[in-house]
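Data file: input02.txt. Format and content: compact mmCIF, C-alpha atoms.
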```txt
# COMPACT_ATOMS: atom_id res chain seq x y z
CA MET M 26 19.99 -20.66 -5.91
CA PRO M 27 18.37 -20.04 -2.50
CA GLU M 28 14.61 -19.98 -2.19
CA PRO M 29 13.09 -16.48 -2.28
CA GLN M 30 13.38 -14.55 0.96
CA ASN M 31 9.91 -13.11 1.44
CA ARG M 32 9.80 -10.04 3.71
CA LYS M 33 6.22 -9.07 3.26
CA THR M 34 3.02 -9.93 1.43
CA ALA M 35 -0.06 -7.82 0.78
CA ILE M 36 -3.42 -8.55 -0.81
CA LEU M 37 -5.53 -5.75 -2.22
CA THR M 38 -9.15 -6.30 -3.22
CA GLU M 39 -11.66 -4.03 -4.90
CA THR M 40 -15.40 -4.47 -5.30
CA ILE M 41 -16.87 -2.06 -7.85
CA TRP M 42 -20.62 -1.45 -8.13
CA HIS M 43 -20.61 1.50 -10.51
CA GLU M 44 -18.58 4.38 -11.86
CA GLY M 45 -21.32 6.95 -12.24
CA GLY M 46 -23.60 4.78 -14.38
CA PRO M 47 -26.03 1.94 -13.67
CA VAL M 48 -25.31 -0.03 -10.51
CA ALA M 49 -24.17 -3.54 -11.45
CA ASP M 50 -26.23 -6.50 -10.26
CA THR M 51 -23.00 -8.39 -9.78
CA PRO M 52 -20.15 -6.05 -8.87
CA LEU M 53 -16.78 -6.37 -10.56
CA ARG M 54 -14.15 -7.76 -8.24
CA ARG M 55 -10.43 -7.24 -8.73
CA ALA M 56 -7.56 -8.36 -6.55
CA ALA M 57 -3.79 -7.97 -6.48
CA CYS M 58 -1.33 -10.07 -4.52
CA MET M 59 2.07 -8.54 -3.82
CA ALA M 60 5.16 -10.23 -2.41
CA VAL M 61 8.32 -8.36 -1.43
CA ILE M 62 11.36 -10.57 -1.82
CA ALA M 63 15.09 -10.06 -1.50
CA ASN M 64 16.77 -9.55 -4.88
CA PRO M 65 19.53 -12.18 -4.91
CA PHE M 66 21.34 -10.26 -7.66
CA ALA M 67 21.19 -6.78 -6.12
CA GLY M 68 24.26 -4.60 -6.41
CA GLN M 69 26.13 -6.64 -8.98
CA TYR M 70 25.92 -7.81 -12.56
CA VAL M 71 25.21 -11.52 -12.73
CA GLU M 72 25.18 -13.12 -16.15
CA ASP M 73 23.35 -16.29 -15.29
CA ILE M 74 20.11 -15.44 -13.53
CA ALA M 75 17.58 -17.66 -15.28
CA GLY M 76 17.68 -20.39 -12.63
CA PHE M 77 15.87 -18.08 -10.23
CA MET M 78 12.71 -18.50 -12.32
CA ASP M 79 12.35 -22.05 -11.01
CA ASP M 80 12.90 -20.85 -7.46
CA LEU M 81 9.99 -18.46 -7.85
CA LYS M 82 7.49 -21.12 -8.89
CA PRO M 83 6.25 -22.09 -5.40
CA LEU M 84 5.79 -18.43 -4.49
CA GLY M 85 3.88 -17.84 -7.71
CA ALA M 86 1.61 -20.78 -7.02
CA GLN M 87 0.91 -19.52 -3.50
CA MET M 88 0.16 -16.00 -4.72
CA ALA M 89 -2.20 -17.30 -7.42
CA GLN M 90 -4.08 -19.38 -4.86
CA ASP M 91 -4.24 -16.44 -2.45
CA LEU M 92 -5.81 -14.35 -5.21
CA ILE M 93 -8.42 -16.98 -6.06
CA ASP M 94 -9.23 -17.25 -2.35
CA ALA M 95 -9.48 -13.46 -2.04
CA LEU M 96 -12.01 -13.47 -4.88
CA GLY M 97 -14.21 -16.15 -3.36
CA GLY M 98 -12.30 -19.39 -3.89
CA ASP M 99 -13.68 -20.58 -7.25
CA PRO M 100 -11.13 -20.42 -10.10
CA ASP M 101 -13.97 -20.66 -12.64
CA THR M 102 -15.05 -17.13 -11.70
CA ILE M 103 -11.73 -15.62 -12.80
CA GLU M 104 -12.01 -13.91 -16.19
CA GLY M 105 -9.01 -11.61 -16.38
CA TYR M 106 -5.42 -11.52 -15.23
CA GLY M 107 -2.13 -9.68 -15.33
CA LYS M 108 1.27 -9.51 -13.67
CA GLY M 109 4.09 -7.13 -12.92
CA ALA M 110 7.20 -6.36 -10.92
CA ILE M 111 8.97 -3.36 -9.43
CA VAL M 112 12.70 -3.90 -9.01
CA GLY M 113 14.48 -1.95 -6.25
CA THR M 114 17.15 0.51 -7.30
CA ASN M 115 20.10 -1.82 -6.70
CA GLY M 116 18.69 -4.17 -9.32
CA GLU M 117 18.03 -4.11 -13.04
CA LEU M 118 14.93 -4.38 -15.17
CA GLU M 119 16.02 -7.82 -16.28
CA HIS M 120 15.51 -9.09 -12.75
CA GLY M 121 11.86 -8.16 -13.07
CA ALA M 122 11.68 -10.18 -16.26
CA LEU M 123 12.36 -13.29 -14.20
CA TRP M 124 8.73 -13.07 -13.08
CA HIS M 125 7.21 -13.63 -16.54
CA VAL M 126 7.33 -17.41 -16.52
CA PRO M 127 6.71 -18.36 -12.87
CA GLY M 128 4.12 -15.63 -12.35
CA GLY M 129 2.18 -16.26 -15.52
CA TYR M 130 2.08 -20.02 -15.48
CA ALA M 131 1.18 -20.06 -11.79
CA MET M 132 -2.13 -18.44 -12.67
CA ARG M 133 -2.70 -20.38 -15.88
CA GLU M 134 -2.23 -23.69 -14.08
CA LYS M 135 -5.07 -22.84 -11.72
CA ILE M 136 -7.51 -21.33 -14.23
CA ALA M 137 -9.00 -23.87 -16.62
CA ASN M 138 -9.71 -21.57 -19.57
CA SER M 139 -6.53 -19.55 -19.79
CA MET M 140 -5.23 -19.71 -23.35
CA ALA M 141 -4.24 -16.04 -23.41
CA ILE M 142 -0.82 -14.65 -22.69
CA VAL M 143 -0.70 -12.89 -19.32
CA PRO M 144 -0.10 -9.18 -19.94
CA SER M 145 2.66 -7.66 -17.88
CA THR M 146 4.66 -4.61 -16.99
CA LYS M 147 7.75 -3.94 -14.93
CA LYS M 148 9.98 -1.11 -13.85
CA VAL M 149 12.79 -0.13 -11.55
CA GLY M 150 11.50 1.96 -8.66
CA ALA M 151 11.90 3.17 -5.10
CA PRO M 152 9.64 2.42 -2.10
CA GLY M 153 6.19 3.82 -2.83
CA ALA M 154 6.56 3.52 -6.60
CA ARG M 155 3.28 2.72 -8.28
CA LEU M 156 2.76 0.17 -11.03
CA ASP M 157 -0.23 0.03 -13.36
CA VAL M 158 -0.61 -3.69 -13.89
CA PRO M 159 -2.38 -4.44 -17.18
CA ILE M 160 -5.25 -6.90 -17.30
CA THR M 161 -6.74 -8.81 -20.22
CA HIS M 162 -9.22 -11.64 -20.66
CA ALA M 163 -7.67 -14.93 -19.54
CA ASN M 164 -8.79 -16.92 -22.55
CA ALA M 165 -8.75 -14.48 -25.46
CA SER M 166 -6.55 -11.39 -25.51
CA TYR M 167 -8.83 -9.48 -27.92
CA VAL M 168 -11.84 -9.33 -25.60
CA ARG M 169 -12.20 -5.56 -25.41
CA SER M 170 -14.45 -5.40 -22.34
CA HIS M 171 -11.75 -6.98 -20.19
CA PHE M 172 -8.89 -4.59 -21.04
CA ASP M 173 -8.27 -3.12 -17.61
CA ALA M 174 -5.50 -2.28 -15.19
CA MET M 175 -4.96 -2.14 -11.46
CA GLU M 176 -2.65 0.36 -9.80
CA VAL M 177 -0.59 -1.17 -7.00
CA GLY M 178 2.32 -0.24 -4.77
CA LEU M 179 3.47 -0.32 -1.16
CA PRO M 180 4.84 2.59 0.86
CA ASP M 181 7.80 0.61 2.20
CA ALA M 182 8.75 -1.47 -0.84
CA PRO M 183 10.72 -2.27 -2.85
CA LYS M 184 13.79 -1.26 -0.89
CA ALA M 185 16.97 -1.05 -2.97
CA ASP M 186 17.80 -4.73 -2.59
CA GLU M 187 14.26 -6.03 -3.05
CA ILE M 188 11.79 -6.92 -5.79
CA LEU M 189 8.04 -6.37 -5.46
CA LEU M 190 6.21 -9.08 -7.39
CA VAL M 191 2.55 -8.70 -8.36
CA LEU M 192 -0.22 -10.90 -9.71
CA VAL M 193 -3.73 -9.60 -10.41
CA MET M 194 -7.05 -11.25 -11.25
CA THR M 195 -10.51 -9.94 -12.07
CA THR M 196 -13.96 -11.48 -12.18
CA GLY M 197 -15.35 -9.67 -15.20
CA PRO M 198 -15.41 -6.75 -17.59
CA ARG M 199 -14.99 -3.06 -16.75
CA VAL M 200 -18.09 -2.07 -14.82
CA HIS M 201 -19.51 0.09 -17.63
CA ALA M 202 -17.84 -1.60 -20.65
CA ARG M 203 -19.53 -0.38 -23.85
CA VAL M 204 -16.98 0.17 -26.62
CA GLY M 205 -17.69 -2.94 -28.66
CA GLY M 206 -15.08 -5.34 -30.01
CA LEU M 207 -14.88 -9.07 -29.37
CA ALA M 208 -17.31 -10.03 -26.59
CA ALA M 209 -16.47 -12.63 -23.97
CA LYS M 210 -19.46 -14.73 -25.04
CA ASP M 211 -18.06 -14.96 -28.60
CA VAL M 212 -14.64 -16.30 -27.66
CA LYS M 213 -13.55 -19.40 -29.57
CA GLY M 214 -10.79 -20.15 -27.09
CA GLU M 215 -8.41 -21.86 -29.50
CA ASP M 216 -5.46 -19.57 -29.97
CA GLY M 217 -5.51 -17.36 -26.89
CA LEU M 218 -6.37 -14.35 -29.03
CA ARG M 219 -10.04 -14.66 -30.10
CA MET G 6 -25.65 5.71 1.23
CA LYS G 7 -24.59 5.37 -2.38
CA LEU G 8 -21.61 3.03 -2.48
CA ARG G 9 -19.40 3.03 -5.58
CA LYS G 10 -16.65 0.66 -4.57
CA MET G 11 -14.96 -1.05 -1.65
CA ILE G 12 -11.30 -1.83 -1.16
CA THR G 13 -9.49 -4.07 1.26
CA GLN G 14 -5.76 -4.41 1.74
CA VAL G 15 -4.11 -6.84 4.13
CA GLU G 16 -0.37 -6.80 4.82
CA GLU G 17 1.83 -9.34 6.57
CA VAL G 18 5.43 -8.51 7.50
CA ARG G 19 7.55 -11.58 8.12
CA THR G 20 11.03 -10.08 8.38
CA GLU G 21 12.34 -6.57 8.90
CA MET G 22 16.00 -5.60 8.59
CA GLY G 23 16.87 -9.28 8.41
CA GLN G 24 15.17 -10.08 11.71
CA ALA G 25 12.25 -12.47 11.76
CA VAL G 26 8.95 -10.96 12.89
CA SER G 27 7.30 -13.61 15.05
CA PRO G 28 4.41 -13.82 14.92
CA PRO G 29 4.22 -11.94 11.61
CA SER G 30 2.82 -8.44 11.91
CA ARG G 31 -0.61 -8.37 10.22
CA ARG G 32 -2.83 -5.40 9.60
CA ALA G 33 -5.69 -4.71 7.25
CA VAL G 34 -7.65 -1.75 6.01
CA ALA G 35 -11.11 -1.68 4.46
CA ALA G 36 -12.39 1.39 2.66
CA ALA G 37 -15.59 2.50 1.00
CA VAL G 38 -16.00 5.10 -1.72
CA ILE G 39 -19.38 6.78 -1.25
CA ALA G 40 -21.21 9.69 -2.81
CA ASN G 41 -21.14 12.85 -0.71
CA PRO G 42 -24.80 13.87 -0.34
CA PHE G 43 -23.75 17.41 0.59
CA ALA G 44 -21.27 17.99 -2.23
CA GLY G 45 -21.35 21.52 -3.60
CA ARG G 46 -23.66 23.04 -0.99
CA TYR G 47 -23.60 24.07 2.63
CA ALA G 48 -25.82 21.99 4.87
CA GLN G 49 -26.25 22.74 8.55
CA ASP G 50 -27.68 19.34 9.43
CA LEU G 51 -25.24 16.51 8.65
CA SER G 52 -27.31 13.73 10.19
CA GLU G 53 -27.48 11.77 6.93
CA LEU G 54 -23.71 11.35 7.02
CA ILE G 55 -23.78 10.58 10.73
CA GLU G 56 -26.14 7.66 10.06
CA THR G 57 -23.96 6.52 7.16
CA GLY G 58 -21.05 6.48 9.60
CA ALA G 59 -22.92 3.95 11.73
CA THR G 60 -23.59 1.76 8.70
CA LEU G 61 -19.95 1.94 7.65
CA GLY G 62 -18.67 1.18 11.15
CA GLN G 63 -20.23 -2.25 10.89
CA LEU G 64 -19.57 -2.85 7.18
CA LEU G 65 -15.93 -1.73 7.19
CA GLY G 66 -15.28 -3.49 10.48
CA GLU G 67 -16.58 -6.74 9.04
CA GLN G 68 -14.63 -6.32 5.80
CA ALA G 69 -11.37 -5.48 7.54
CA LEU G 70 -11.82 -8.39 9.94
CA ALA G 71 -12.45 -10.77 7.04
CA ALA G 72 -9.32 -9.49 5.27
CA LEU G 73 -7.30 -9.89 8.44
CA GLY G 74 -8.45 -13.50 8.59
CA CYS G 75 -8.60 -13.98 12.35
CA ALA G 76 -11.20 -14.25 15.10
CA ALA G 77 -12.66 -10.98 16.35
CA HIS G 78 -11.12 -11.46 19.79
CA ASP G 79 -7.64 -11.71 18.26
CA VAL G 80 -7.78 -8.13 16.97
CA GLN G 81 -5.63 -5.89 19.17
CA GLY G 82 -5.86 -2.49 17.52
CA TYR G 83 -7.97 -0.24 15.36
CA GLY G 84 -8.16 3.10 13.61
CA LYS G 85 -10.31 5.09 11.19
CA ALA G 86 -9.97 7.86 8.64
CA ALA G 87 -11.78 9.67 5.83
CA MET G 88 -10.82 11.74 2.81
CA VAL G 89 -13.33 14.18 1.35
CA GLY G 90 -13.32 15.15 -2.33
CA GLU G 91 -12.98 18.80 -3.32
CA ALA G 92 -16.72 19.56 -3.51
CA GLY G 93 -17.15 18.70 0.17
CA GLU G 94 -15.89 19.99 3.51
CA LEU G 95 -13.71 18.53 6.22
CA GLU G 96 -16.73 18.55 8.50
CA HIS G 97 -18.30 15.87 6.33
CA ALA G 98 -15.48 13.54 7.35
CA ALA G 99 -16.08 14.42 10.97
CA ALA G 100 -19.78 13.57 10.60
CA LEU G 101 -18.93 10.14 9.25
CA LEU G 102 -16.20 9.31 11.73
CA HIS G 103 -16.98 10.72 15.13
CA PRO G 104 -20.61 10.54 16.29
CA LYS G 105 -21.64 6.98 15.39
CA LEU G 106 -18.98 4.92 13.59
CA GLY G 107 -17.28 3.59 16.72
CA ALA G 108 -20.09 1.68 18.43
CA PRO G 109 -20.93 -0.71 15.58
CA LEU G 110 -17.19 -1.18 14.92
CA ARG G 111 -16.68 -2.20 18.54
CA ALA G 112 -19.69 -4.51 18.27
CA VAL G 113 -18.02 -6.32 15.35
CA LEU G 114 -14.89 -6.79 17.45
CA GLY G 115 -16.64 -7.76 20.66
CA GLY G 116 -15.48 -4.63 22.45
CA GLY G 117 -12.88 -1.89 22.50
CA LYS G 118 -12.25 0.41 25.45
CA ALA G 119 -9.93 2.89 23.81
CA LEU G 120 -10.81 5.86 21.68
CA VAL G 121 -10.57 4.90 18.00
CA PRO G 122 -7.68 7.01 16.66
CA SER G 123 -8.62 8.92 13.54
CA SER G 124 -7.45 11.22 10.79
CA LYS G 125 -9.22 13.17 8.09
CA ALA G 126 -8.26 15.12 5.03
CA MET G 127 -9.52 16.82 1.93
CA GLY G 128 -8.04 15.23 -1.15
CA ALA G 129 -8.12 14.26 -4.78
CA PRO G 130 -8.05 10.84 -6.46
CA GLY G 131 -4.77 9.07 -5.74
CA ASP G 132 -3.92 11.09 -2.65
CA VAL G 133 -2.55 9.15 0.29
CA LEU G 134 -4.69 8.82 3.40
CA ASP G 135 -2.79 7.83 6.54
CA VAL G 136 -5.04 5.70 8.73
CA PRO G 137 -3.77 5.68 12.34
CA LEU G 138 -3.73 2.54 14.44
CA GLY G 139 -3.71 2.16 18.21
CA HIS G 140 -4.42 -0.52 20.79
CA LYS G 141 -8.16 -1.05 21.09
CA ASP G 142 -8.32 -1.45 24.87
CA ALA G 143 -5.45 0.68 26.16
CA ALA G 144 -4.41 3.71 24.18
CA TYR G 145 -0.99 3.93 25.87
CA VAL G 146 0.30 0.62 24.49
CA ARG G 147 3.36 1.96 22.68
CA SER G 148 4.03 -1.06 20.47
CA HIS G 149 0.66 -0.61 18.77
CA PHE G 150 1.07 3.01 17.67
CA ASP G 151 1.09 2.44 13.93
CA GLY G 152 -0.67 3.38 10.75
CA MET G 153 -1.53 2.23 7.27
CA ARG G 154 -1.32 4.25 4.12
CA LEU G 155 -4.29 3.98 1.81
CA ARG G 156 -4.30 5.21 -1.74
CA VAL G 157 -7.25 4.79 -4.09
CA PRO G 158 -6.19 5.75 -7.62
CA ASP G 159 -9.65 6.87 -8.76
CA ALA G 160 -11.10 8.29 -5.54
CA PRO G 161 -12.22 10.51 -3.98
CA ARG G 162 -13.64 12.27 -7.01
CA ALA G 163 -14.94 15.77 -6.29
CA THR G 164 -18.33 14.59 -5.03
CA GLU G 165 -17.13 11.51 -3.15
CA ILE G 166 -15.74 10.54 0.25
CA VAL G 167 -13.37 7.67 1.05
CA VAL G 168 -13.98 6.17 4.49
CA ALA G 169 -11.56 3.65 5.99
CA VAL G 170 -11.22 1.37 9.01
CA ALA G 171 -7.94 -0.36 9.84
CA LEU G 172 -7.33 -3.30 12.19
CA GLN G 173 -4.14 -4.91 13.49
CA ILE G 174 -3.45 -8.28 15.09
CA THR G 175 -0.15 -7.25 16.66
CA GLY G 176 1.79 -4.03 16.85
CA ARG G 177 4.68 -2.80 14.74
CA PRO G 178 7.24 -5.32 13.49
CA ASN G 179 9.85 -5.88 16.23
CA PRO G 180 8.79 -3.04 18.58
CA ARG G 181 11.51 -2.07 21.06
CA VAL G 182 10.96 1.43 22.38
CA GLY G 183 9.46 0.43 25.71
CA GLY G 184 6.31 1.85 27.24
CA LEU G 185 3.21 -0.02 28.27
CA ALA G 186 3.13 -3.53 26.77
CA HIS G 187 0.09 -5.43 25.50
CA SER G 188 0.67 -8.03 28.22
CA GLU G 189 0.52 -5.42 30.97
CA ILE G 190 -2.77 -3.67 30.29
CA THR G 191 -5.70 -3.62 32.66
CA GLY G 192 -8.12 -2.54 29.95
CA ALA G 193 -10.52 -0.76 32.28
CA ASP G 194 -10.31 2.91 31.34
CA GLY G 195 -9.26 2.67 27.69
CA LEU G 196 -5.89 4.18 28.46
CA ARG G 197 -3.76 1.62 30.36
```

Mind turning this structure into structure tokens?
Amino acid sequence: MPEPQNRKTAILTETIWHEGGPVADTPLRRAACMAVIANPFAGQYVEDIAGFMDDLKPLGAQMAQDLIDALGGDPDTIEGYGKGAIVGTNGELEHGALWHVPGGYAMREKIANSMAIVPSTKKVGAPGARLDVPITHANASYVRSHFDAMEVGLPDAPKADEILLVLVMTTGPRVHARVGGLAAKDVKGEDGLR
Amino acid sequence: MKLRKMITQVEEVRTEMGQAVSPPSRRAVAAAVIANPFAGRYAQDLSELIETGATLGQLLGEQALAALGCAAHDVQGYGKAAMVGEAGELEHAAALLHPKLGAPLRAVLGGGKALVPSSKAMGAPGDVLDVPLGHKDAAYVRSHFDGMRLRVPDAPRATEIVVAVALQITGRPNPRVGGLAHSEITGADGLR
């Protein structure tokens, strides 16, 4: 399988001080890294596609590092993550599923306390399609304050024969989190859930 | 100025229609979501927003430059735009953008002879704001006519304004429609 043909990358960052309530001493930071690659399976049904997951590993590692750098460079500050894909219209949803393993483990390999599964979403879409990428706490999926999402998309991608791959990271809880549940400070960090 | 959030987006295009883009085309936009101090009422004197425009010219210029990841003297183009939430007026965008935003932006970049191209709109959260781009020293450079599309899912709320500055290192990917080239400018009058 050829290495991914990367047409374009984009990095989106957000710094959030408040949402109508008290101004945070330390603002929440969120970032998304997008890569637009050629879909090697576009326009045809291919039974054996799983090998492409290995080909995506270097790209995943680069995107994860770019995200950490965009958020200040210290992986210990990352508290939440998520991933997603938008498959161009000459592809199938299953092509987006190829991103689960290389995208998720790329982030977990760089973040020390990352027992939790990386939440994800994917869809087939046209250029300009938007994707709400889910976010949860990196070490314990039940941490309620860190349930979040980041809307991403690019006006010119994915074209029909492309896939838009996304990774997202956050540095903390929602800016005005106050609905209880498991708190980040109470995480045991054994099973990825609590 | 009451700042709710800031956004940056940097894009790098490496190939287009199968042709390598060399060097890659890079552009970045930085945006601020601020409270509109004049939301819901008519004010004759908009000087508060004019001063905020000066503050944002520096802040957004610095943020966009950092996102672009290059030296200030490597920036070749710029642009600006604002979107006003429904409880404001288009004139509020004009107050932010036109009187005072340009000078501190140019100071961040170490200069800029050309008018900073701009656009403004009224809008709701999630609306697209097209931020124009043009060459910073010679407005006629055809390869650098470009733009970035900015979309903030949760802004501008009714009483907010989104203000954006975009910067580019090079022009469009693989430009080939002629006109004045970056290499040919004199950079004296802001036009050629």

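The environment of Gly76 (chain M) within 12 Å, counting only C-alpha atoms and disregarding residues fewer than 3 places along the same chain, consists of Met26, Pro27, Glu28, Pro29, Pro65, Phe66, Val71, Glu72, Asp73, Asp79, Asp80, Leu81, Lys82, His120, Leu123, Trp124, Val126 and Pro127 of chain M.
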
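Counting from CA of Gly214 (chain M), the distance to CA of Asp173 (chain M) is 19.7 Å.
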
Which residues of region 79-186 of chain M have any atom within 12 Å of an atom in region 16-19 of chain G when counting only C-alpha atoms, and what is the closest pair of atoms for each, with the distance in Å to one decimal? Order the rows by chain and rising number and write it as a Markdown table.
```
| residue | atom | partner | partner_atom | distance |
| --- | --- | --- | --- | --- |
| M:Gly178 | CA | G:Glu16 | CA | 11.9 |
| M:Leu179 | CA | G:Glu16 | CA | 9.6 |
| M:Pro180 | CA | G:Glu16 | CA | 11.4 |
| M:Asp181 | CA | G:Val18 | CA | 10.8 |
| M:Ala182 | CA | G:Val18 | CA | 11.4 |
```

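In terms of minimum interatomic distance to chain M, G:Gln68 ranks closest within G:Ser123, G:Gln68, G:Ser188, G:Gln49, counting only C-alpha atoms.
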
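Between CA of Leu120 (chain G) and CA of Asp151 (chain G) the interatomic distance comes to 14.6 Å.
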
What's around Ala71 (chain G) at 12 Å? Count only C-alpha atoms, leave out sequence neighbours fewer than 6 positions away in its own chain, and write the answer as an mmCIF file with C-alpha atoms, keeping the file's coordinate frame.
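selection-v1.cif, written as the output of this step:
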```cif
data_model
loop_
_atom_site.group_PDB
_atom_site.id
_atom_site.type_symbol
_atom_site.label_atom_id
_atom_site.label_comp_id
_atom_site.auth_asym_id
_atom_site.auth_seq_id
_atom_site.Cartn_x
_atom_site.Cartn_y
_atom_site.Cartn_z
ATOM 1 C CA THR M 38 -9.150 -6.300 -3.220
ATOM 2 C CA ASP M 94 -9.230 -17.250 -2.350
ATOM 3 C CA ALA M 95 -9.480 -13.460 -2.040
ATOM 4 C CA GLY M 97 -14.210 -16.150 -3.360
ATOM 5 C CA THR G 13 -9.490 -4.070 1.260
ATOM 6 C CA GLN G 14 -5.760 -4.410 1.740
ATOM 7 C CA VAL G 15 -4.110 -6.840 4.130
ATOM 8 C CA ARG G 32 -2.830 -5.400 9.600
ATOM 9 C CA ALA G 33 -5.690 -4.710 7.250
ATOM 10 C CA VAL G 34 -7.650 -1.750 6.010
ATOM 11 C CA ALA G 35 -11.110 -1.680 4.460
ATOM 12 C CA LEU G 64 -19.570 -2.850 7.180
ATOM 13 C CA LEU G 65 -15.930 -1.730 7.190
ATOM 14 C CA ALA G 77 -12.660 -10.980 16.350
ATOM 15 C CA VAL G 80 -7.780 -8.130 16.970
ATOM 16 C CA VAL G 113 -18.020 -6.320 15.350
ATOM 17 C CA LEU G 114 -14.890 -6.790 17.450
ATOM 18 C CA ALA G 171 -7.940 -0.360 9.840
ATOM 19 C CA LEU G 172 -7.330 -3.300 12.190
#
```

Query raised in the report: So, counting all atoms listed in the file, which residue among M:His162, M:Ile62, M:Glu119, M:Lys184 is closest to Lys33 (chain M)?
Result: M:Ile62

Query raised in the report: Which is closer to chain M than all the others in G:Ala163, G:Met153, G:Leu102, G:Ala119, using only C-alpha atoms?
Result: G:Met153

Requested in this report: Could you jot down the CA of Lys118 (chain G) to CA of Val168 (chain G) separation for me, Å, one decimal place?
Outcome: 21.8 Å
